[in-house]
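Q: Hey, dropping protein.txt in here, compact mmCIF, C-alpha atoms:
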# COMPACT_ATOMS: atom_id res chain seq x y z
CA MET A 1 -3.19 -25.48 -39.18
CA ASN A 2 -0.43 -27.50 -37.54
CA GLN A 3 -1.96 -29.03 -34.41
CA ASP A 4 1.26 -28.82 -32.38
CA LEU A 5 1.52 -25.14 -33.26
CA LYS A 6 -2.08 -24.54 -32.20
CA LYS A 7 -1.46 -26.28 -28.87
CA LEU A 8 1.79 -24.38 -28.33
CA ILE A 9 0.01 -21.06 -28.92
CA ARG A 10 -2.60 -22.04 -26.37
CA LEU A 11 0.09 -23.25 -23.96
CA GLN A 12 1.89 -19.93 -24.27
CA THR A 13 -1.34 -18.07 -23.57
CA ILE A 14 -1.92 -20.23 -20.50
CA ASP A 15 1.62 -19.73 -19.21
CA LEU A 16 1.43 -15.95 -19.57
CA ALA A 17 -1.90 -15.96 -17.74
CA ILE A 18 -0.42 -18.15 -14.99
CA GLN A 19 2.55 -15.80 -14.71
CA GLU A 20 0.28 -12.77 -14.36
CA LEU A 21 -2.00 -14.48 -11.87
CA ARG A 22 0.87 -15.67 -9.69
CA ALA A 23 2.34 -12.16 -9.68
CA ARG A 24 -0.99 -10.75 -8.44
CA ILE A 25 -1.47 -13.55 -5.91
CA ASP A 26 2.06 -12.99 -4.56
CA LYS A 27 1.24 -9.32 -4.01
CA PHE A 28 -1.92 -10.09 -2.03
CA PRO A 29 -0.27 -10.43 1.43
CA GLY A 30 1.69 -7.20 0.95
CA ILE A 31 -1.36 -5.23 -0.16
CA SER A 32 -3.38 -6.67 2.71
CA LYS A 33 -0.63 -5.69 5.14
CA ALA A 34 -0.56 -2.18 3.66
CA LEU A 35 -4.30 -1.86 4.38
CA ASP A 36 -3.66 -2.92 7.98
CA GLU A 37 -0.88 -0.35 8.28
CA GLN A 38 -3.14 2.36 6.87
CA LEU A 39 -5.73 1.61 9.53
CA LYS A 40 -3.10 1.41 12.28
CA ALA A 41 -1.79 4.83 11.23
CA ALA A 42 -5.26 6.34 11.52
CA GLN A 43 -5.78 4.69 14.92
CA ALA A 44 -2.38 5.92 16.09
CA GLY A 45 -3.28 9.42 14.92
CA LEU A 46 -6.45 9.35 17.00
CA GLU A 47 -4.64 8.02 20.07
CA HIS A 48 -1.98 10.72 19.71
CA ALA A 49 -4.64 13.45 19.45
CA LYS A 50 -6.47 12.09 22.51
CA GLU A 51 -3.23 11.82 24.48
CA LYS A 52 -2.33 15.41 23.59
CA ALA A 53 -5.74 16.61 24.76
CA LYS A 54 -5.38 14.57 27.95
CA ASP A 55 -1.93 16.01 28.65
CA ASN A 56 -3.31 19.51 28.11
CA GLN A 57 -6.02 18.95 30.70
CA SER A 58 -3.55 17.41 33.13
CA ASN A 59 -1.13 20.33 32.78
CA ARG A 60 -3.93 22.82 33.39
CA LYS A 61 -4.91 21.01 36.59
CA LYS A 62 -1.31 21.08 37.79
CA LEU A 63 -1.05 24.80 37.12
CA GLU A 64 -4.38 25.45 38.86
CA SER A 65 -3.06 23.48 41.83
CA GLU A 66 0.08 25.63 41.83
CA ILE A 67 -2.07 28.77 41.92
CA SER A 68 -4.01 27.42 44.92
CA SER A 69 -0.73 26.67 46.69
CA ILE A 70 0.61 30.17 46.00
CA GLU A 71 -2.66 31.76 47.15
CA SER A 72 -2.34 29.84 50.42
CA LYS A 73 1.15 31.30 50.85
CA ILE A 74 -0.14 34.80 50.14
CA SER A 75 -2.84 34.30 52.76
CA LYS A 76 -0.19 33.24 55.30
CA TYR A 77 2.01 36.22 54.43
CA ARG A 78 -0.93 38.56 55.08
CA ASP A 79 -1.61 36.93 58.40
CA GLN A 80 2.05 37.39 59.30
CA MET A 81 1.88 41.07 58.31
CA MET A 82 -0.63 41.61 61.13
CA ALA A 83 1.94 40.45 63.65
CA VAL A 84 5.16 42.13 62.42
CA LYS A 85 6.81 44.73 64.61
CA THR A 86 9.11 46.50 62.16
CA ASN A 87 8.69 48.23 58.83
CA GLU A 88 11.50 46.14 57.42
CA GLU A 89 9.66 42.89 58.20
CA TYR A 90 6.45 44.38 56.77
CA ARG A 91 8.15 45.37 53.49
CA ALA A 92 9.79 41.96 53.22
CA LEU A 93 6.42 40.21 53.49
CA GLN A 94 4.89 42.70 51.08
CA HIS A 95 7.69 41.89 48.60
CA GLU A 96 6.99 38.16 48.97
CA ILE A 97 3.30 38.78 48.31
CA GLU A 98 4.04 40.80 45.17
CA HIS A 99 6.47 38.11 43.98
CA ALA A 100 3.82 35.43 44.55
CA GLN A 101 1.16 37.47 42.77
CA ASN A 102 3.48 37.88 39.76
CA GLY A 103 3.97 34.12 39.81
CA ILE A 104 0.19 33.65 39.73
CA ARG A 105 -0.14 35.97 36.74
CA LYS A 106 2.51 34.03 34.83
CA ILE A 107 0.76 30.75 35.61
CA GLU A 108 -2.58 32.21 34.56
CA ASP A 109 -1.01 33.18 31.22
CA GLU A 110 0.19 29.59 30.82
CA ILE A 111 -3.29 28.32 31.63
CA LEU A 112 -4.80 30.68 29.06
CA ASN A 113 -2.38 29.38 26.42
CA LEU A 114 -3.27 25.81 27.34
CA MET A 115 -6.98 26.61 27.08
CA MET A 116 -6.42 27.94 23.56
CA GLU A 117 -4.41 24.83 22.70
CA ALA A 118 -7.20 22.71 24.18
CA GLU A 119 -9.64 24.03 21.59
CA SER A 120 -7.20 23.08 18.85
CA SER A 121 -6.59 19.68 20.45
CA GLN A 122 -10.31 18.93 20.56
CA GLY A 123 -10.51 19.84 16.89
CA ASP A 124 -7.61 17.49 16.19
CA VAL A 125 -9.42 14.68 18.02
CA LYS A 126 -12.58 15.19 15.96
CA THR A 127 -10.55 15.31 12.74
CA ALA A 128 -8.71 12.12 13.71
CA GLU A 129 -11.99 10.39 14.58
CA THR A 130 -13.44 11.34 11.19
CA ARG A 131 -10.32 10.15 9.39
CA LEU A 132 -10.35 6.84 11.27
CA LYS A 133 -14.00 6.30 10.37
CA GLU A 134 -13.37 7.11 6.71
CA ASP A 135 -10.24 4.93 6.58
CA GLN A 136 -12.10 2.07 8.24
CA LEU A 137 -14.81 2.21 5.59
CA LYS A 138 -12.25 2.47 2.78
CA VAL A 139 -10.10 -0.36 4.15
CA ASP A 140 -13.14 -2.60 4.61
CA ARG A 141 -14.24 -1.86 1.05
CA ASP A 142 -10.77 -2.34 -0.42
CA ARG A 143 -10.17 -5.53 1.56
CA LYS A 144 -13.47 -7.01 0.40
CA GLN A 145 -12.65 -6.20 -3.21
CA LEU A 146 -9.07 -7.44 -2.82
CA THR A 147 -10.20 -10.70 -1.24
CA GLU A 148 -12.76 -11.27 -3.99
CA VAL A 149 -10.17 -10.65 -6.72
CA ASN A 150 -7.69 -12.94 -4.96
CA LYS A 151 -10.34 -15.64 -4.74
CA GLN A 152 -11.05 -15.30 -8.47
CA ASP A 153 -7.31 -15.34 -9.24
CA LEU A 154 -6.80 -18.54 -7.25
CA SER A 155 -9.72 -20.17 -9.02
CA ALA A 156 -8.45 -19.05 -12.43
CA LEU A 157 -4.93 -20.24 -11.61
CA GLU A 158 -6.24 -23.66 -10.66
CA ALA A 159 -8.18 -23.88 -13.93
CA TYR A 160 -5.18 -22.81 -16.03
CA LEU A 161 -2.87 -25.27 -14.27
CA LYS A 162 -5.38 -28.04 -14.93
CA GLU A 163 -5.67 -27.11 -18.61
CA ARG A 164 -1.89 -26.91 -18.93
CA LYS A 165 -1.55 -30.39 -17.49
CA GLU A 166 -4.08 -31.63 -20.03
CA ILE A 167 -2.35 -29.96 -23.01
CA GLU A 168 1.25 -31.02 -22.28
CA PRO A 169 0.83 -34.72 -23.20
CA LEU A 170 -0.82 -33.72 -26.52
CA ILE A 171 2.26 -31.85 -27.77
CA SER A 172 5.02 -33.72 -29.59
CA SER A 173 7.64 -34.85 -27.09
CA ASP A 174 10.49 -33.15 -28.98
CA LEU A 175 8.74 -29.75 -29.02
CA LEU A 176 7.85 -29.41 -25.36
CA PRO A 177 11.49 -29.34 -24.09
CA HIS A 178 12.33 -26.70 -26.72
CA TYR A 179 9.33 -24.64 -25.65
CA GLU A 180 10.26 -24.86 -21.95
CA ARG A 181 13.93 -24.09 -22.62
CA VAL A 182 13.19 -20.98 -24.69
CA ARG A 183 10.49 -19.82 -22.28
CA LYS A 184 12.92 -20.09 -19.38
CA HIS A 185 15.62 -18.01 -21.10
CA ARG A 186 13.38 -15.55 -23.00
CA GLY A 187 11.32 -13.85 -20.33
CA GLY A 188 8.55 -16.44 -20.30
CA ILE A 189 7.74 -16.15 -24.02
CA ALA A 190 8.60 -19.12 -26.29
CA VAL A 191 5.89 -18.63 -28.94
CA GLY A 192 5.32 -15.34 -30.69
CA PRO A 193 3.67 -13.73 -33.72
CA ALA A 194 5.42 -12.74 -36.93
CA ARG A 195 4.22 -9.95 -39.22
CA ASN A 196 5.72 -8.03 -42.12
CA GLU A 197 8.72 -10.36 -42.22
CA VAL A 198 9.64 -9.51 -38.62
CA CYS A 199 9.54 -11.50 -35.36
CA GLU A 200 7.35 -9.20 -33.28
CA ILE A 201 9.04 -10.23 -30.04
CA CYS A 202 12.74 -9.75 -30.84
CA GLN A 203 12.18 -7.44 -33.88
CA VAL A 204 14.68 -9.34 -36.06
CA ARG A 205 13.85 -9.60 -39.77
CA ILE A 206 12.85 -12.95 -41.24
CA ARG A 207 13.92 -14.12 -44.67
CA PRO A 208 11.05 -13.65 -47.14
CA GLN A 209 10.89 -17.34 -48.07
CA VAL A 210 10.78 -18.41 -44.42
CA PHE A 211 8.12 -15.80 -43.65
CA GLN A 212 5.91 -17.20 -46.44
CA GLU A 213 6.17 -20.61 -44.79
CA ILE A 214 5.33 -19.12 -41.39
CA ARG A 215 2.22 -17.47 -42.88
CA ARG A 216 0.73 -20.88 -43.64
CA ASN A 217 0.91 -21.92 -39.96
CA ASP A 218 1.30 -25.51 -41.10
CA GLN A 219 4.70 -26.26 -39.60
CA ILE A 220 6.92 -25.49 -36.62
CA ILE A 221 9.41 -22.74 -37.47
CA ALA A 222 11.66 -21.03 -34.93
CA CYS A 223 13.11 -17.54 -35.16
CA ASP A 224 16.79 -17.73 -36.09
CA ALA A 225 17.59 -14.94 -33.64
CA CYS A 226 15.61 -15.70 -30.48
CA GLN A 227 14.59 -19.33 -31.13
CA ARG A 228 10.95 -18.57 -30.37
CA ILE A 229 8.39 -20.60 -32.31
CA LEU A 230 6.65 -18.28 -34.76
CA TYR A 231 3.11 -18.12 -36.12
CA TYR A 232 1.15 -15.77 -38.35
CA PRO A 233 -1.73 -14.34 -36.26
CA ASP A 234 -3.85 -13.38 -39.28
CA ASN A 235 -4.12 -16.97 -40.50
CA LEU A 236 -5.47 -18.90 -37.56
CA ASP A 237 -8.23 -21.48 -37.82
CA HIS A 238 -10.63 -19.37 -35.74
CA PRO A 239 -10.54 -16.43 -33.28
CA PHE A 240 -8.05 -18.20 -31.05
CA GLU A 241 -6.93 -16.78 -27.73
CA VAL A 242 -3.28 -15.92 -28.36
CA ALA A 243 -0.51 -14.32 -26.37
Translate this structure into structure tokens?
A:
Amino acid sequence: MNQDLKKLIRLQTIDLAIQELRARIDKFPGISKALDEQLKAAQAGLEHAKEKAKDNQSNRKKLESEISSIESKISKYRDQMMAVKTNEEYRALQHEIEHAQNGIRKIEDEILNLMMEAESSQGDVKTAETRLKEDQLKVDRDRKQLTEVNKQDLSALEAYLKERKEIEPLISSDLLPHYERVRKHRGGIAVGPARNEVCEICQVRIRPQVFQEIRRNDQIIACDACQRILYYPDNLDHPFEVA
């Protein structure tokens, strides 16, 4: 097998792996941030539920205070009724008392509604606490796994970059620029397999005579259409890692 071709196949495999690793590594900060946002959302949900329950309790206390104030007025009206001298004054005070008592009943209805809402609010707090706990466990688990994968990716990237640096000087000086030029303009792929008289990357047919030469893998042959260097994957020296 042509040694330059073998090295170019390996170089292509390395470059595709590097491309994939860098894509995953670049996504790491965004995924990590998304985990933070997920946890913040759960924490905000709990704070909102607690604040709602707190407001409910505060509103009930205000209404209870209003009832006490109205009851004090009613007590004063009754004291005044003992001192009135005319029926008109008596009826006026009695009207005020009835009006105040109606006000108390309305407030009591509001308090009852708030008490019913309070039960729901407490349930919301418990639900939010459970969700926060579950999200915390999930985020911790996902972050640990994500960090471990990122660590492995960084290590693999370093190894591939080192191997690439070692392979480059071993490739004929006239081939490497062609490889880099095609890789840059062809979506990162400059070396590709050919089967059944077709370039498997661009799907353009290859002349039968040229395909027979490609099958031997003993020379550098580029696709006339896409300029990628072609090889026949079923005639490699050994189970070689190929793109």
Q: Just to confirm, what's the straight-line distance from atom CA of A:Arg205 to atom CA of A:Pro233 in Å (one decimal)?
A: 16.7 Å
Q: Residues of stretch 62-181 of chain A that approach stretch 34-41 of chain A to 7 Å or less, counting only C-alpha atoms: could you list each one with the shortest pair of atoms and its distance in Å to one decimal, rows by chain and increasing residue number, as JSON lines?
A:
{"residue": "A:Asp135", "atom": "CA", "partner": "A:Leu39", "partner_atom": "CA", "distance": 6.3}
{"residue": "A:Gln136", "atom": "CA", "partner": "A:Leu39", "partner_atom": "CA", "distance": 6.5}
{"residue": "A:Val139", "atom": "CA", "partner": "A:Leu35", "partner_atom": "CA", "distance": 6.0}
Q: Measuring between all atoms listed in the file, which one of A:Val210, A:Met115, A:Leu170, A:Ile9 shows the shortest distance to A:Leu63?
A: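 Among the listed residues, the smallest separation from A:Leu63 belongs to A:Met115.
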Q: Name the residues, using the chain letters and numbers of the file, that sit within 8 Å of (4.9, -22.8, -36.5) when counting all atoms listed in the file, and give them as a short mmCIF file (atom, residue, chain, number, x, y, z; two decimals) with C-alpha atoms, keeping the file's coordinate frame.
A:
data_model
loop_
_atom_site.label_atom_id
_atom_site.label_comp_id
_atom_site.auth_asym_id
_atom_site.auth_seq_id
_atom_site.Cartn_x
_atom_site.Cartn_y
_atom_site.Cartn_z
CA ASN A 2 -0.43 -27.50 -37.54
CA LEU A 5 1.52 -25.14 -33.26
CA ILE A 214 5.33 -19.12 -41.39
CA ASN A 217 0.91 -21.92 -39.96
CA ASP A 218 1.30 -25.51 -41.10
CA GLN A 219 4.70 -26.26 -39.60
CA ILE A 220 6.92 -25.49 -36.62
CA ILE A 221 9.41 -22.74 -37.47
CA ALA A 222 11.66 -21.03 -34.93
CA ILE A 229 8.39 -20.60 -32.31
CA LEU A 230 6.65 -18.28 -34.76
CA TYR A 231 3.11 -18.12 -36.12
#
Q: Taking into account all atoms listed in the file, which residue in the set A:Lys62, A:Asn102, A:Cys223, A:Thr130 is nearest to A:Val182?
A: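 Closest to A:Val182, using all atoms listed in the file: A:Cys223.
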Q: Dump as a Markdown table the rows for residues of stretch 73-178 of chain A within 10 Å of stretch 46-54 of chain A: closest atom pair and distance in Å with one decimal, all atoms listed in the file counted, ordered by chain and rising residue number.
A:
| residue | atom | partner | partner_atom | distance |
| --- | --- | --- | --- | --- |
| A:Leu114 | CA | A:Ala53 | CA | 9.9 |
| A:Glu117 | CA | A:Ala53 | CA | 8.6 |
| A:Ala118 | CA | A:Ala53 | CA | 6.3 |
| A:Glu119 | CA | A:Ala53 | CA | 9.0 |
| A:Ser120 | CA | A:Ala53 | CA | 8.9 |
| A:Ser121 | CA | A:Ala53 | CA | 5.4 |
| A:Gln122 | CA | A:Ala53 | CA | 6.6 |
| A:Gly123 | CA | A:Ala49 | CA | 9.0 |
| A:Asp124 | CA | A:Ala49 | CA | 6.0 |
| A:Val125 | CA | A:Ala49 | CA | 5.1 |
| A:Lys126 | CA | A:Leu46 | CA | 8.5 |
| A:Thr127 | CA | A:Leu46 | CA | 8.4 |
| A:Ala128 | CA | A:Leu46 | CA | 4.9 |
| A:Glu129 | CA | A:Leu46 | CA | 6.1 |
| A:Thr130 | CA | A:Leu46 | CA | 9.3 |
| A:Arg131 | CA | A:Leu46 | CA | 8.6 |
| A:Leu132 | CA | A:Leu46 | CA | 7.4 |
Q: In Å to one decimal, how far is atom CA of A:Asp26 from atom CA of A:Val149?
A: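 Separation between atom CA of A:Val149 and atom CA of A:Asp26: 12.6 Å.
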Q: Considering only C-alpha atoms, can you say which of A:Lys6, A:Ile97, A:Ser65, A:Lys133 comes closest to A:Asp79?
A: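 For A:Asp79, the nearest of the given residues is A:Ile97.
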Q: Any idea what the distance is between atom CA of A:Arg215 and atom CA of A:Arg183?
A: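 These two atoms are separated by 22.3 Å.
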